[in-house]
$ cat entry_16.cif   # mmCIF, C-alpha atoms
data_target
#
loop_
_atom_site.label_atom_id
_atom_site.label_comp_id
_atom_site.auth_asym_id
_atom_site.auth_seq_id
_atom_site.Cartn_x
_atom_site.Cartn_y
_atom_site.Cartn_z
CA MET A 980 3.17 -34.43 -22.23
CA LYS A 981 3.21 -32.95 -18.73
CA HIS A 982 0.83 -30.07 -18.13
CA VAL A 983 1.59 -26.77 -16.37
CA LEU A 984 -1.16 -24.61 -14.90
CA LEU A 985 0.20 -21.06 -14.95
CA VAL A 986 -1.64 -18.55 -12.75
CA GLU A 987 -0.19 -15.21 -13.87
CA PRO A 988 -2.22 -11.99 -14.10
CA ASP A 989 0.12 -10.09 -16.42
CA ARG A 990 -0.66 -11.04 -20.02
CA VAL A 991 2.77 -10.18 -21.46
CA LEU A 992 4.67 -11.98 -18.72
CA ALA A 993 2.32 -14.98 -18.89
CA ASP A 994 2.93 -15.27 -22.61
CA THR A 995 6.70 -15.20 -22.09
CA TYR A 996 6.52 -17.97 -19.46
CA ARG A 997 4.13 -19.98 -21.66
CA ARG A 998 6.52 -19.87 -24.60
CA ALA A 999 9.44 -20.96 -22.40
CA PHE A 1000 7.47 -23.88 -20.92
CA ILE A 1001 6.28 -25.02 -24.35
CA ALA A 1002 9.83 -24.84 -25.70
CA ASP A 1003 10.84 -27.11 -22.81
CA GLY A 1004 8.24 -29.72 -23.78
CA TYR A 1005 5.27 -28.85 -21.57
CA SER A 1006 1.70 -28.02 -22.44
CA VAL A 1007 0.39 -24.94 -20.64
CA THR A 1008 -2.90 -23.45 -19.50
CA MET A 1009 -2.75 -19.77 -18.58
CA CYS A 1010 -5.13 -18.22 -16.05
CA ALA A 1011 -5.21 -14.67 -14.79
CA SER A 1012 -7.41 -15.18 -11.74
CA ALA A 1013 -7.91 -17.61 -8.88
CA GLN A 1014 -11.41 -18.46 -10.02
CA SER A 1015 -10.46 -19.36 -13.59
CA ALA A 1016 -7.47 -21.33 -12.26
CA ILE A 1017 -9.79 -23.59 -10.25
CA PHE A 1018 -11.95 -24.21 -13.32
CA ALA A 1019 -8.85 -24.88 -15.43
CA ALA A 1020 -7.42 -27.30 -12.86
CA ASP A 1021 -10.68 -29.25 -12.95
CA GLU A 1022 -10.60 -29.42 -16.73
CA LYS A 1023 -6.89 -29.94 -17.46
CA ARG A 1024 -5.57 -31.96 -14.47
CA PRO A 1025 -2.20 -30.18 -14.19
CA ASP A 1026 1.02 -31.97 -13.24
CA VAL A 1027 2.39 -28.80 -11.67
CA VAL A 1028 1.03 -25.35 -10.77
CA VAL A 1029 3.08 -22.16 -11.07
CA ALA A 1030 1.24 -19.33 -9.33
CA GLU A 1031 1.53 -15.62 -8.56
CA LEU A 1032 0.09 -14.54 -5.20
CA GLN A 1033 -0.77 -10.98 -6.23
CA LEU A 1034 -4.00 -11.42 -8.18
CA ILE A 1035 -7.16 -9.36 -8.52
CA ARG A 1036 -10.09 -10.01 -6.13
CA HIS A 1037 -8.97 -13.40 -4.72
CA SER A 1038 -5.30 -13.72 -3.83
CA GLY A 1039 -3.01 -16.61 -4.67
CA ILE A 1040 -3.28 -17.80 -1.06
CA GLU A 1041 -7.07 -18.02 -1.41
CA PHE A 1042 -6.54 -19.97 -4.63
CA LEU A 1043 -4.24 -22.41 -2.84
CA TYR A 1044 -6.72 -22.99 0.01
CA GLU A 1045 -9.44 -23.74 -2.55
CA PHE A 1046 -7.11 -25.86 -4.69
CA ARG A 1047 -5.93 -27.99 -1.77
CA SER A 1048 -9.46 -28.51 -0.49
CA TYR A 1049 -10.05 -31.08 -3.26
CA ASP A 1050 -8.64 -34.56 -2.70
CA ASP A 1051 -7.64 -34.93 -6.36
CA TRP A 1052 -5.21 -32.04 -6.13
CA HIS A 1053 -3.56 -32.79 -2.78
CA ASP A 1054 -0.40 -34.08 -4.39
CA VAL A 1055 -0.05 -31.68 -7.32
CA PRO A 1056 3.18 -29.73 -6.71
CA VAL A 1057 2.86 -25.96 -6.46
CA VAL A 1058 5.58 -23.40 -7.16
CA ILE A 1059 5.04 -19.80 -6.16
CA ASN A 1060 6.61 -17.27 -8.53
CA SER A 1061 5.56 -13.94 -7.06
CA GLN A 1062 6.18 -10.22 -6.93
CA VAL A 1063 5.68 -10.52 -3.17
CA PRO A 1064 9.12 -10.90 -1.56
CA PRO A 1065 9.53 -14.21 0.30
CA SER A 1066 10.69 -12.26 3.37
CA GLU A 1067 7.02 -11.39 3.91
CA PHE A 1068 6.34 -15.09 4.40
CA SER A 1069 9.39 -15.90 6.50
CA ARG A 1070 7.15 -16.41 9.54
CA SER A 1071 4.50 -18.33 7.67
CA TRP A 1072 6.58 -20.66 5.54
CA GLN A 1073 5.21 -23.58 7.59
CA LEU A 1074 1.71 -22.57 6.46
CA LEU A 1075 2.71 -22.33 2.81
CA ASN A 1076 4.80 -25.48 2.82
CA ARG A 1077 2.95 -27.88 5.11
CA GLU A 1078 -0.65 -26.72 4.90
CA LEU A 1079 -0.76 -25.50 1.30
CA GLY A 1080 1.91 -27.77 -0.12
CA VAL A 1081 4.09 -25.08 -1.69
CA GLU A 1082 7.26 -26.84 -2.82
CA GLN A 1083 9.23 -23.77 -3.79
CA TYR A 1084 8.85 -20.00 -3.37
CA TYR A 1085 10.51 -17.76 -5.94
CA TYR A 1086 10.71 -13.97 -5.92
CA LYS A 1087 9.76 -13.18 -9.50
CA PRO A 1088 12.08 -10.22 -10.19
CA SER A 1089 15.16 -12.30 -9.37
CA THR A 1090 14.05 -15.67 -10.75
CA THR A 1091 15.21 -16.53 -14.23
CA LEU A 1092 13.32 -18.73 -16.65
CA ALA A 1093 16.14 -21.26 -16.31
CA THR A 1094 15.61 -21.49 -12.54
CA LEU A 1095 11.86 -21.84 -12.91
CA LEU A 1096 12.19 -24.48 -15.63
CA SER A 1097 14.66 -26.40 -13.54
CA ALA A 1098 12.20 -26.51 -10.62
CA ILE A 1099 9.36 -27.62 -12.90
CA ARG A 1100 11.50 -30.40 -14.40
CA ARG A 1101 12.45 -31.61 -10.92
CA LEU A 1102 8.84 -31.60 -9.70
CA THR A 1103 7.35 -33.26 -12.76
CA ASN A 1104 10.09 -35.89 -13.03
CA PRO A 1105 10.93 -36.72 -9.42
CA LEU A 1106 13.86 -39.03 -8.79
CA PRO A 1107 12.74 -42.55 -7.88
CA ALA A 1108 12.93 -43.32 -4.18
CA SER A 1109 16.01 -45.42 -3.40
CA MET B 1200 5.52 24.60 -2.49
CA ILE B 1201 8.58 22.34 -2.28
CA GLY B 1202 8.14 22.01 1.46
CA ASP B 1203 4.45 21.19 1.21
CA ALA B 1204 4.48 17.58 2.39
CA SER B 1205 0.76 17.23 1.79
CA ALA B 1206 1.07 17.69 -1.97
CA PRO B 1207 0.45 14.17 -3.28
CA ILE B 1208 2.59 14.63 -6.39
CA LEU B 1209 5.68 15.16 -4.28
CA SER B 1210 4.88 12.37 -1.90
CA GLN B 1211 7.22 9.51 -1.34
CA GLN B 1212 4.17 7.28 -1.58
CA LEU B 1213 3.74 8.08 -5.26
CA LEU B 1214 7.44 7.57 -5.91
CA VAL B 1215 7.30 4.17 -4.19
CA THR B 1216 4.28 3.26 -6.31
CA VAL B 1217 6.02 4.29 -9.53
CA ALA B 1218 9.14 2.33 -8.52
CA GLU B 1219 7.01 -0.72 -7.71
CA GLN B 1220 5.23 -0.38 -11.05
CA LEU B 1221 8.49 -0.09 -12.98
CA LYS B 1222 9.47 -3.57 -11.83
CA MET B 1223 6.88 -4.99 -14.20
CA PRO B 1224 8.23 -3.73 -17.55
CA LEU B 1225 11.80 -4.38 -16.40
CA LEU B 1226 10.83 -7.90 -15.40
CA GLN B 1227 9.10 -8.40 -18.74
CA LEU B 1228 12.22 -7.19 -20.54
CA ALA B 1229 14.53 -9.44 -18.53
CA ARG B 1230 12.41 -12.54 -19.22
CA GLN B 1231 11.81 -11.63 -22.88
CA ALA B 1232 15.58 -11.27 -23.32
CA GLU B 1233 16.22 -14.59 -21.58
CA LEU B 1234 13.60 -16.33 -23.71
CA GLY B 1235 15.25 -14.81 -26.78
CA GLN B 1236 18.57 -16.32 -25.70
CA LEU B 1237 17.01 -19.72 -25.01
CA ALA B 1238 15.05 -19.78 -28.26
CA GLY B 1239 17.74 -18.11 -30.35
CA LYS B 1240 15.33 -15.42 -31.47
CA ALA B 1241 14.13 -12.41 -29.49
CA ASP B 1242 10.82 -10.61 -30.04
CA LEU B 1243 12.44 -7.21 -30.43
CA ALA B 1244 9.19 -5.40 -31.24
CA ALA B 1245 7.61 -6.62 -27.99
CA MET B 1246 10.73 -5.62 -26.06
CA GLN B 1247 10.64 -2.15 -27.58
CA THR B 1248 6.98 -1.70 -26.59
CA THR B 1249 7.82 -2.84 -23.06
CA ALA B 1250 10.74 -0.40 -22.79
CA ASP B 1251 8.60 2.42 -24.19
CA THR B 1252 5.97 1.70 -21.52
CA ALA B 1253 8.54 2.09 -18.77
CA LEU B 1254 9.97 5.28 -20.27
CA ARG B 1255 6.50 6.77 -20.67
CA LEU B 1256 5.67 6.13 -17.02
CA ILE B 1257 8.87 7.84 -15.90
CA ASP B 1258 8.23 10.79 -18.26
CA ASN B 1259 4.67 11.20 -17.04
CA TYR B 1260 5.70 11.02 -13.40
CA VAL B 1261 8.39 13.67 -13.98
CA LEU B 1262 5.88 15.86 -15.84
CA GLY B 1263 3.46 15.65 -12.91
CA VAL B 1264 6.19 16.67 -10.48
CA ARG B 1265 7.35 19.56 -12.71
CA LEU B 1266 3.83 20.87 -13.24
CA SER B 1267 3.09 20.83 -9.55
CA LEU B 1268 6.40 22.50 -8.65
CA ASP B 1269 6.21 25.21 -11.25
CA GLN B 1270 2.80 26.37 -12.35
CA ASP B 1271 4.47 28.65 -14.93
CA GLN B 1272 5.11 25.53 -16.99
CA LEU B 1273 1.38 25.06 -17.16
CA GLU B 1274 0.75 26.95 -20.37
CA LEU B 1275 -2.89 26.85 -21.29
CA GLU B 1276 -4.01 26.75 -24.89
CA PRO B 1277 -7.25 26.11 -26.72
CA ILE B 1278 -7.28 22.43 -27.55
CA SER B 1279 -9.62 20.00 -29.22
CA VAL B 1280 -10.59 17.13 -26.91
CA SER B 1281 -11.13 14.85 -29.91
CA SER B 1282 -7.62 15.52 -31.13
CA VAL B 1283 -6.08 14.79 -27.70
CA LEU B 1284 -8.05 11.54 -27.47
CA TYR B 1285 -6.94 10.55 -30.96
CA ASP B 1286 -3.26 11.21 -30.19
CA SER B 1287 -3.53 9.39 -26.84
CA GLY B 1288 -5.00 6.39 -28.64
CA HIS B 1289 -2.17 6.43 -31.13
CA GLU B 1290 0.37 6.48 -28.31
CA LEU B 1291 -1.32 3.53 -26.57
CA SER B 1292 -2.00 1.38 -29.62
CA LYS B 1293 1.12 -0.85 -29.45
CA LEU B 1294 0.72 -1.50 -25.73
CA ALA B 1295 -2.97 -2.37 -26.26
CA ARG B 1296 -2.05 -4.81 -29.04
CA GLY B 1297 0.53 -6.48 -26.79
CA TYR B 1298 -2.12 -7.04 -24.11
CA GLY B 1299 -4.78 -8.15 -26.60
CA VAL B 1300 -6.98 -5.15 -25.81
CA ASP B 1301 -9.12 -3.50 -28.50
CA LEU B 1302 -8.65 0.22 -28.13
CA GLU B 1303 -11.49 2.27 -29.56
CA LEU B 1304 -12.02 5.98 -30.01
CA HIS B 1305 -15.55 7.15 -29.31
CA VAL B 1306 -16.20 10.85 -29.72
CA GLY B 1307 -19.89 11.35 -30.25
CA GLY B 1308 -20.55 14.77 -31.75
CA ARG B 1309 -18.48 17.91 -32.08
CA TYR B 1310 -17.20 19.72 -29.05
CA SER B 1311 -16.02 23.26 -28.59
CA THR B 1312 -12.35 23.68 -27.69
CA VAL B 1313 -11.27 23.65 -24.05
CA MET B 1314 -8.50 25.64 -22.36
CA ALA B 1315 -5.96 23.20 -21.00
CA ASN B 1316 -2.34 22.18 -21.13
CA ARG B 1317 -2.31 19.79 -24.06
CA HIS B 1318 0.82 17.90 -23.06
CA GLY B 1319 -0.45 17.46 -19.50
CA LEU B 1320 -3.90 16.28 -20.54
CA GLN B 1321 -2.56 13.81 -23.07
CA SER B 1322 0.03 12.47 -20.62
CA ALA B 1323 -2.68 11.94 -17.99
CA LEU B 1324 -4.91 10.07 -20.44
CA VAL B 1325 -2.03 7.94 -21.71
CA SER B 1326 -0.88 7.17 -18.18
CA LEU B 1327 -4.39 6.15 -17.16
CA GLY B 1328 -4.88 4.18 -20.37
CA ALA B 1329 -1.66 2.21 -19.91
CA ALA B 1330 -2.72 1.21 -16.39
CA LEU B 1331 -6.14 0.04 -17.58
CA ILE B 1332 -4.75 -1.83 -20.59
CA GLU B 1333 -2.47 -3.83 -18.28
CA ALA B 1334 -5.33 -4.49 -15.87
CA LEU B 1335 -8.10 -5.57 -18.26
CA PRO B 1336 -6.79 -9.06 -19.20
CA ALA B 1337 -6.20 -9.83 -15.51
CA LEU B 1338 -9.84 -8.93 -14.75
CA GLU B 1339 -10.93 -11.59 -17.25
CA VAL B 1340 -13.79 -9.43 -18.53
CA PRO B 1341 -15.66 -11.04 -21.44
CA GLN B 1342 -14.61 -8.34 -23.92
CA LEU B 1343 -11.14 -6.83 -23.81
CA LYS B 1344 -12.21 -3.41 -25.04
CA LEU B 1345 -11.18 0.01 -23.85
CA GLN B 1346 -12.76 3.19 -25.16
CA LEU B 1347 -11.09 6.56 -25.23
CA ALA B 1348 -14.20 8.68 -25.16
CA ALA B 1349 -15.69 12.11 -24.62
CA HIS B 1350 -19.20 13.23 -23.80
CA ARG B 1351 -20.97 16.32 -22.59
CA CYS B 1352 -22.18 16.63 -19.03
CA ARG B 1353 -23.85 19.55 -17.23
CA TYR B 1354 -20.44 20.79 -16.01
CA GLY B 1355 -18.51 20.56 -19.28
CA ILE B 1356 -16.90 17.94 -21.47
CA VAL B 1357 -15.80 14.67 -19.88
CA ALA B 1358 -12.78 12.94 -21.43
CA GLY B 1359 -11.73 9.55 -20.17
CA LEU B 1360 -11.26 5.82 -20.61
CA TYR B 1361 -14.11 3.33 -20.36
CA SER B 1362 -14.64 -0.41 -20.33
CA GLU B 1363 -17.16 -3.02 -19.25
CA THR B 1364 -15.47 -3.54 -15.90
CA GLU B 1365 -17.66 -2.55 -12.97
CA GLN B 1366 -14.59 -2.21 -10.76
CA LEU B 1367 -13.93 1.28 -12.14
CA THR B 1368 -15.75 3.05 -9.30
CA SER B 1369 -15.35 6.09 -7.06
CA GLU B 1370 -14.90 3.73 -4.11
CA ALA B 1371 -12.00 1.93 -5.80
CA LEU B 1372 -10.36 5.25 -6.64
CA ARG B 1373 -10.91 6.67 -3.14
CA GLY B 1374 -9.56 3.50 -1.53
CA GLY B 1375 -6.58 3.49 -3.87
CA ARG B 1376 -5.69 7.10 -3.05
CA ALA B 1377 -5.75 6.24 0.64
CA LEU B 1378 -3.53 3.19 0.17
CA VAL B 1379 -1.06 4.51 -2.37
CA GLY B 1380 2.48 3.84 -1.23
CA ALA B 1381 1.31 1.80 1.75
CA SER B 1382 0.01 -1.17 -0.21
CA ARG B 1383 1.69 -3.06 -3.03
CA GLN B 1384 -1.70 -3.29 -4.70
CA PRO B 1385 -3.72 -0.18 -3.72
CA LEU B 1386 -6.35 -0.79 -6.41
CA GLY B 1387 -6.77 -4.42 -5.46
CA THR B 1388 -10.16 -4.90 -7.11
CA LEU B 1389 -9.00 -3.29 -10.33
CA THR B 1390 -5.41 -4.24 -11.06
CA HIS B 1391 -2.74 -6.73 -10.03
CA THR B 1392 -0.07 -4.03 -10.35
CA ALA B 1393 0.72 -1.00 -8.19
CA GLY B 1394 -1.62 0.98 -10.45
CA ALA B 1395 0.92 3.79 -10.73
CA GLY B 1396 -0.52 4.98 -14.04
CA VAL B 1397 -3.80 5.86 -12.34
CA PHE B 1398 -2.07 7.82 -9.57
CA VAL B 1399 0.30 9.59 -11.96
CA ALA B 1400 -2.71 10.66 -14.05
CA ASP B 1401 -4.41 11.77 -10.84
CA ALA B 1402 -1.35 13.85 -9.91
CA ILE B 1403 -0.95 15.44 -13.35
CA LEU B 1404 -4.63 16.40 -13.45
CA LYS B 1405 -4.46 17.76 -9.90
CA ALA B 1406 -1.49 19.94 -10.90
CA MET B 1407 -3.69 21.24 -13.73
CA GLN B 1408 -6.53 21.98 -11.26
CA LEU B 1409 -8.54 19.14 -12.76
CA THR B 1410 -9.96 16.06 -11.04
CA LEU B 1411 -9.87 12.40 -11.94
CA LYS B 1412 -13.30 10.90 -11.27
CA ALA B 1413 -15.25 7.75 -11.89
CA SER B 1414 -17.81 8.30 -14.64
CA ARG B 1415 -20.05 6.41 -17.06
CA HIS B 1416 -20.04 6.55 -20.83
CA HIS B 1417 -23.21 5.00 -22.23
CA ASN B 1418 -23.25 1.57 -20.54
CA LEU B 1419 -19.51 1.52 -19.80
CA TYR B 1420 -17.61 2.29 -16.59
CA GLY B 1421 -14.52 4.43 -16.49
CA LEU B 1422 -12.33 7.19 -15.16
CA GLY B 1423 -12.18 10.65 -16.66
CA THR B 1424 -11.90 14.36 -16.08
CA THR B 1425 -14.28 17.22 -16.75
CA LEU B 1426 -12.96 20.03 -18.93
CA GLN B 1427 -14.49 23.48 -19.24
CA PRO B 1428 -15.47 24.54 -22.77
CA ASN B 1429 -13.81 27.72 -23.98
CA HIS B 1430 -16.81 29.98 -24.55
CA GLN B 1431 -14.74 32.91 -25.83
CA LEU B 1432 -13.37 30.87 -28.71
CA GLN B 1433 -16.81 29.50 -29.34
CA LEU B 1434 -18.06 33.02 -30.15
CA ILE B 1435 -15.42 33.64 -32.79
#

$ encode --input "entry_16.cif" --output "C-alpha cells"
Amino acid sequence: MKHVLLVEPDRVLADTYRRAFIADGYSVTMCASAQSAIFAADEKRPDVVVAELQLIRHSGIEFLYEFRSYDDWHDVPVVINSQVPPSEFSRSWQLLNRELGVEQYYYKPSTTLATLLSAIRRLTNPLPAS
Amino acid sequence: MIGDASAPILSQQLLVTVAEQLKMPLLQLARQAELGQLAGKADLAAMQTTADTALRLIDNYVLGVRLSLDQDQLELEPISVSSVLYDSGHELSKLARGYGVDLELHVGGRYSTVMANRHGLQSALVSLGAALIEALPALEVPQLKLQLAAHRCRYGIVAGLYSETEQLTSEALRGGRALVGASRQPLGTLTHTAGAGVFVADAILKAMQLTLKASRHHNLYGLGTTLQPNHQLQLI
C-alpha cells in the first residue's frame, strides 16, 4: 500500500483529506507542523508528500528545504496544496520545482479532492518510460 | 464615528482578515460535501458544526461593528462571569469536539457580578475560543486542553481562555494587531489561520471599553479581559 505524508495544520480539513486518501487505497500519516513531518517522513518513508505552506512556526518552504536535504527523500514527489495563491510564487516557480522538487502546486480553495487524488495516483504510479 | 478611519473595528484590515478566515469553514464544507459524494455518505453533523462556525464569526464581526458604531446598543447589566463562561463553553463544545480539544470550565470561587454587556462579552469569549480551538491541534501541544476560566486580580475579575501553549503572549498579540489585514497569518506563532476570531474579540471588547490582554491562569497561558466588580450590587 502506498503511503501519503499529509502536512496539514487544520485538523478538520486534514481528517477529510485522510478519509479520501484511505478510501482511494492509500495509507496516510497526518502532521500539523514541519517538525513533526520530518520525524514522520523518517519513520514512515512516504511515497508522496502533500503539504500546506502556511504552517505555524516553520513554513512549508522550510519543511521542503529540510526534507530535500536528505538523500533518501530526493526523489519523493511533493504536491503543494495551499491556502497561499500560486500567483505569489509565479516568480519563484523555478525554486519550488527545480530546487525543492515540487511536482504540482494547487490552490487549496479551488482544488477538489478528485483533482488531488488524481495527482497522487499519477505520482505514485508513474507511467513506464517508453 | 463613521468617518473615524482609525477605529480598528471599522477597518478594512479586519474585514479582510474575517474574509480570509471564512475561507476555512467554506473550504471544509466543500471538501466534506465532496467526500460525502465520493463515499456515498456525508457527515452531516460535522458539516453543520462547520457552517455554524462560519455563521458565528460573521455574527460576532457584525456585533463588533454595531457596538462600535452605536454605543446606545451597549446596554450594561449586572452579569455573572461564571454564567457567561458556562454559556460560552456550551456554545463552543461542538467545535472543540470536532478539533479533538478538551474544553474545561474553571471558575475557582464565587465572584460578585460585573456590569457589562452580556451578549458582547459572551460573543468575544466565543470568538476568541473558536480561534484557539482551531489553533491548538496545529501547535501540536502535548495536551489539547483549553480552559474557560476566571480569577481575581488586583484590578478586578479576569475572564479568558487558557492553555499550555506558551505562544499566547503579549508580544504575539501586539505583533498580530500590527499585522492584521497586511499578513495572511498575523499571529504566525500561534495559528495557521488569519486568526480573525482573536481580532474580532479584540474589537468587540474595545467597543465595550474593555481590553484583550495576555494573562496567566495558574500555570496556563491565555488571553482574557479584566472586568470591574459591581460593588453597588455587592452591598445589596

$ closest_residue --input "entry_16.cif" --among "A:Ser1038, A:Ser1012, A:Gln1033, A:Asn1076" --to "Asn1060 in chain A" --atoms "only C-alpha atoms"
A:Gln1033

$ residues_around --input "entry_16.cif" --residues "range 1356-1372 of chain B" --least-positions-apart "3" --cutoff "7 Å" --atoms "only C-alpha atoms" --output "ChimeraX atom specification"
/B:1324,1328,1340,1344-1352,1375-1376,1386,1388-1389,1412-1413,1416,1419-1428

$ interface_residues --input "entry_16.cif" --of "chain B" --to "chain A" --cutoff "9 Å" --atoms "all atoms listed in the file" --output "PyMOL selection string"
chain B and resi 1222-1223+1225-1227+1229-1231+1233-1234+1237-1238+1245+1297-1299+1333-1334+1336-1339+1383-1384+1386-1392

$ write_last_selection --input "entry_16.cif" --atoms "C-alpha atoms" --output "mmCIF file, in the frame of the given file"
data_model
loop_
_atom_site.group_PDB
_atom_site.id
_atom_site.type_symbol
_atom_site.label_atom_id
_atom_site.label_comp_id
_atom_site.auth_asym_id
_atom_site.auth_seq_id
_atom_site.Cartn_x
_atom_site.Cartn_y
_atom_site.Cartn_z
ATOM 1 C CA LYS B 1222 9.470 -3.570 -11.830
ATOM 2 C CA MET B 1223 6.880 -4.990 -14.200
ATOM 3 C CA LEU B 1225 11.800 -4.380 -16.400
ATOM 4 C CA LEU B 1226 10.830 -7.900 -15.400
ATOM 5 C CA GLN B 1227 9.100 -8.400 -18.740
ATOM 6 C CA ALA B 1229 14.530 -9.440 -18.530
ATOM 7 C CA ARG B 1230 12.410 -12.540 -19.220
ATOM 8 C CA GLN B 1231 11.810 -11.630 -22.880
ATOM 9 C CA GLU B 1233 16.220 -14.590 -21.580
ATOM 10 C CA LEU B 1234 13.600 -16.330 -23.710
ATOM 11 C CA LEU B 1237 17.010 -19.720 -25.010
ATOM 12 C CA ALA B 1238 15.050 -19.780 -28.260
ATOM 13 C CA ALA B 1245 7.610 -6.620 -27.990
ATOM 14 C CA GLY B 1297 0.530 -6.480 -26.790
ATOM 15 C CA TYR B 1298 -2.120 -7.040 -24.110
ATOM 16 C CA GLY B 1299 -4.780 -8.150 -26.600
ATOM 17 C CA GLU B 1333 -2.470 -3.830 -18.280
ATOM 18 C CA ALA B 1334 -5.330 -4.490 -15.870
ATOM 19 C CA PRO B 1336 -6.790 -9.060 -19.200
ATOM 20 C CA ALA B 1337 -6.200 -9.830 -15.510
ATOM 21 C CA LEU B 1338 -9.840 -8.930 -14.750
ATOM 22 C CA GLU B 1339 -10.930 -11.590 -17.250
ATOM 23 C CA ARG B 1383 1.690 -3.060 -3.030
ATOM 24 C CA GLN B 1384 -1.700 -3.290 -4.700
ATOM 25 C CA LEU B 1386 -6.350 -0.790 -6.410
ATOM 26 C CA GLY B 1387 -6.770 -4.420 -5.460
ATOM 27 C CA THR B 1388 -10.160 -4.900 -7.110
ATOM 28 C CA LEU B 1389 -9.000 -3.290 -10.330
ATOM 29 C CA THR B 1390 -5.410 -4.240 -11.060
ATOM 30 C CA HIS B 1391 -2.740 -6.730 -10.030
ATOM 31 C CA THR B 1392 -0.070 -4.030 -10.350
#

$ resolve_selection --input "entry_16.cif" --expression "the PyMOL selection byres ((chain B and resi 1261) around 12)" --output "PyMOL selection string"
chain B and resi 1208-1209+1213-1214+1217+1254-1260+1262-1268+1319+1322-1323+1399-1400+1402-1403

$ atom_distance --input "entry_16.cif" --atom1 "CA of Val1325 in chain B" --atom2 "CA of Gly1288 in chain B"
7.7 Å

$ atom_distance --input "entry_16.cif" --atom1 "CA of Leu985 in chain A" --atom2 "CA of Phe1000 in chain A"
9.8 Å

$ atom_distance --input "entry_16.cif" --atom1 "CA of Ala1315 in chain B" --atom2 "CA of Leu1294 in chain B"
26.0 Å

$ residues_around --input "entry_16.cif" --residues "Leu1043 in chain A" --least-positions-apart "3" --cutoff "9 Å" --atoms "only C-alpha atoms" --output "mmCIF file with C-alpha atoms, keeping the file's coordinate frame"
data_model
loop_
_atom_site.group_PDB
_atom_site.id
_atom_site.type_symbol
_atom_site.label_atom_id
_atom_site.label_comp_id
_atom_site.auth_asym_id
_atom_site.auth_seq_id
_atom_site.Cartn_x
_atom_site.Cartn_y
_atom_site.Cartn_z
ATOM 1 C CA ALA A 1013 -7.910 -17.610 -8.880
ATOM 2 C CA SER A 1038 -5.300 -13.720 -3.830
ATOM 3 C CA GLY A 1039 -3.010 -16.610 -4.670
ATOM 4 C CA ILE A 1040 -3.280 -17.800 -1.060
ATOM 5 C CA PHE A 1046 -7.110 -25.860 -4.690
ATOM 6 C CA ARG A 1047 -5.930 -27.990 -1.770
ATOM 7 C CA SER A 1048 -9.460 -28.510 -0.490
ATOM 8 C CA VAL A 1057 2.860 -25.960 -6.460
ATOM 9 C CA LEU A 1075 2.710 -22.330 2.810
ATOM 10 C CA LEU A 1079 -0.760 -25.500 1.300
ATOM 11 C CA GLY A 1080 1.910 -27.770 -0.120
ATOM 12 C CA VAL A 1081 4.090 -25.080 -1.690
#

$ resolve_selection --input "entry_16.cif" --expression "the PyMOL selection byres ((chain B and resi 1291) around 9)" --output "list in words"
Asp1286, Ser1287, Gly1288, His1289, Glu1290, Ser1292, Lys1293, Leu1294, Ala1295, Arg1296, Leu1302, Val1325, Gly1328, Ala1329 and Ile1332 of chain B

$ decode --input "entry_16.cif" --residues "range 1355-1369 of chain B" --atoms "C-alpha atoms" --output "PDB file, in the first residue's frame"
ATOM      1  CA  GLY B1355     -10.946  43.090  39.070  1.00  0.00           C
ATOM      2  CA  ILE B1356     -12.038  39.743  37.700  1.00  0.00           C
ATOM      3  CA  VAL B1357     -10.190  38.303  34.711  1.00  0.00           C
ATOM      4  CA  ALA B1358     -12.210  36.116  32.340  1.00  0.00           C
ATOM      5  CA  GLY B1359     -10.463  34.375  29.484  1.00  0.00           C
ATOM      6  CA  LEU B1360      -9.239  31.255  27.727  1.00  0.00           C
ATOM      7  CA  TYR B1361      -6.110  29.389  28.757  1.00  0.00           C
ATOM      8  CA  SER B1362      -3.965  26.522  27.557  1.00  0.00           C
ATOM      9  CA  GLU B1363      -0.472  25.109  27.899  1.00  0.00           C
ATOM     10  CA  THR B1364       0.776  26.924  24.825  1.00  0.00           C
ATOM     11  CA  GLU B1365       3.476  29.470  25.602  1.00  0.00           C
ATOM     12  CA  GLN B1366       2.742  31.280  22.343  1.00  0.00           C
ATOM     13  CA  LEU B1367      -0.194  33.101  23.961  1.00  0.00           C
ATOM     14  CA  THR B1368       1.840  36.197  24.834  1.00  0.00           C
ATOM     15  CA  SER B1369       1.506  39.981  24.794  1.00  0.00           C
TER      16      SER B1369
END
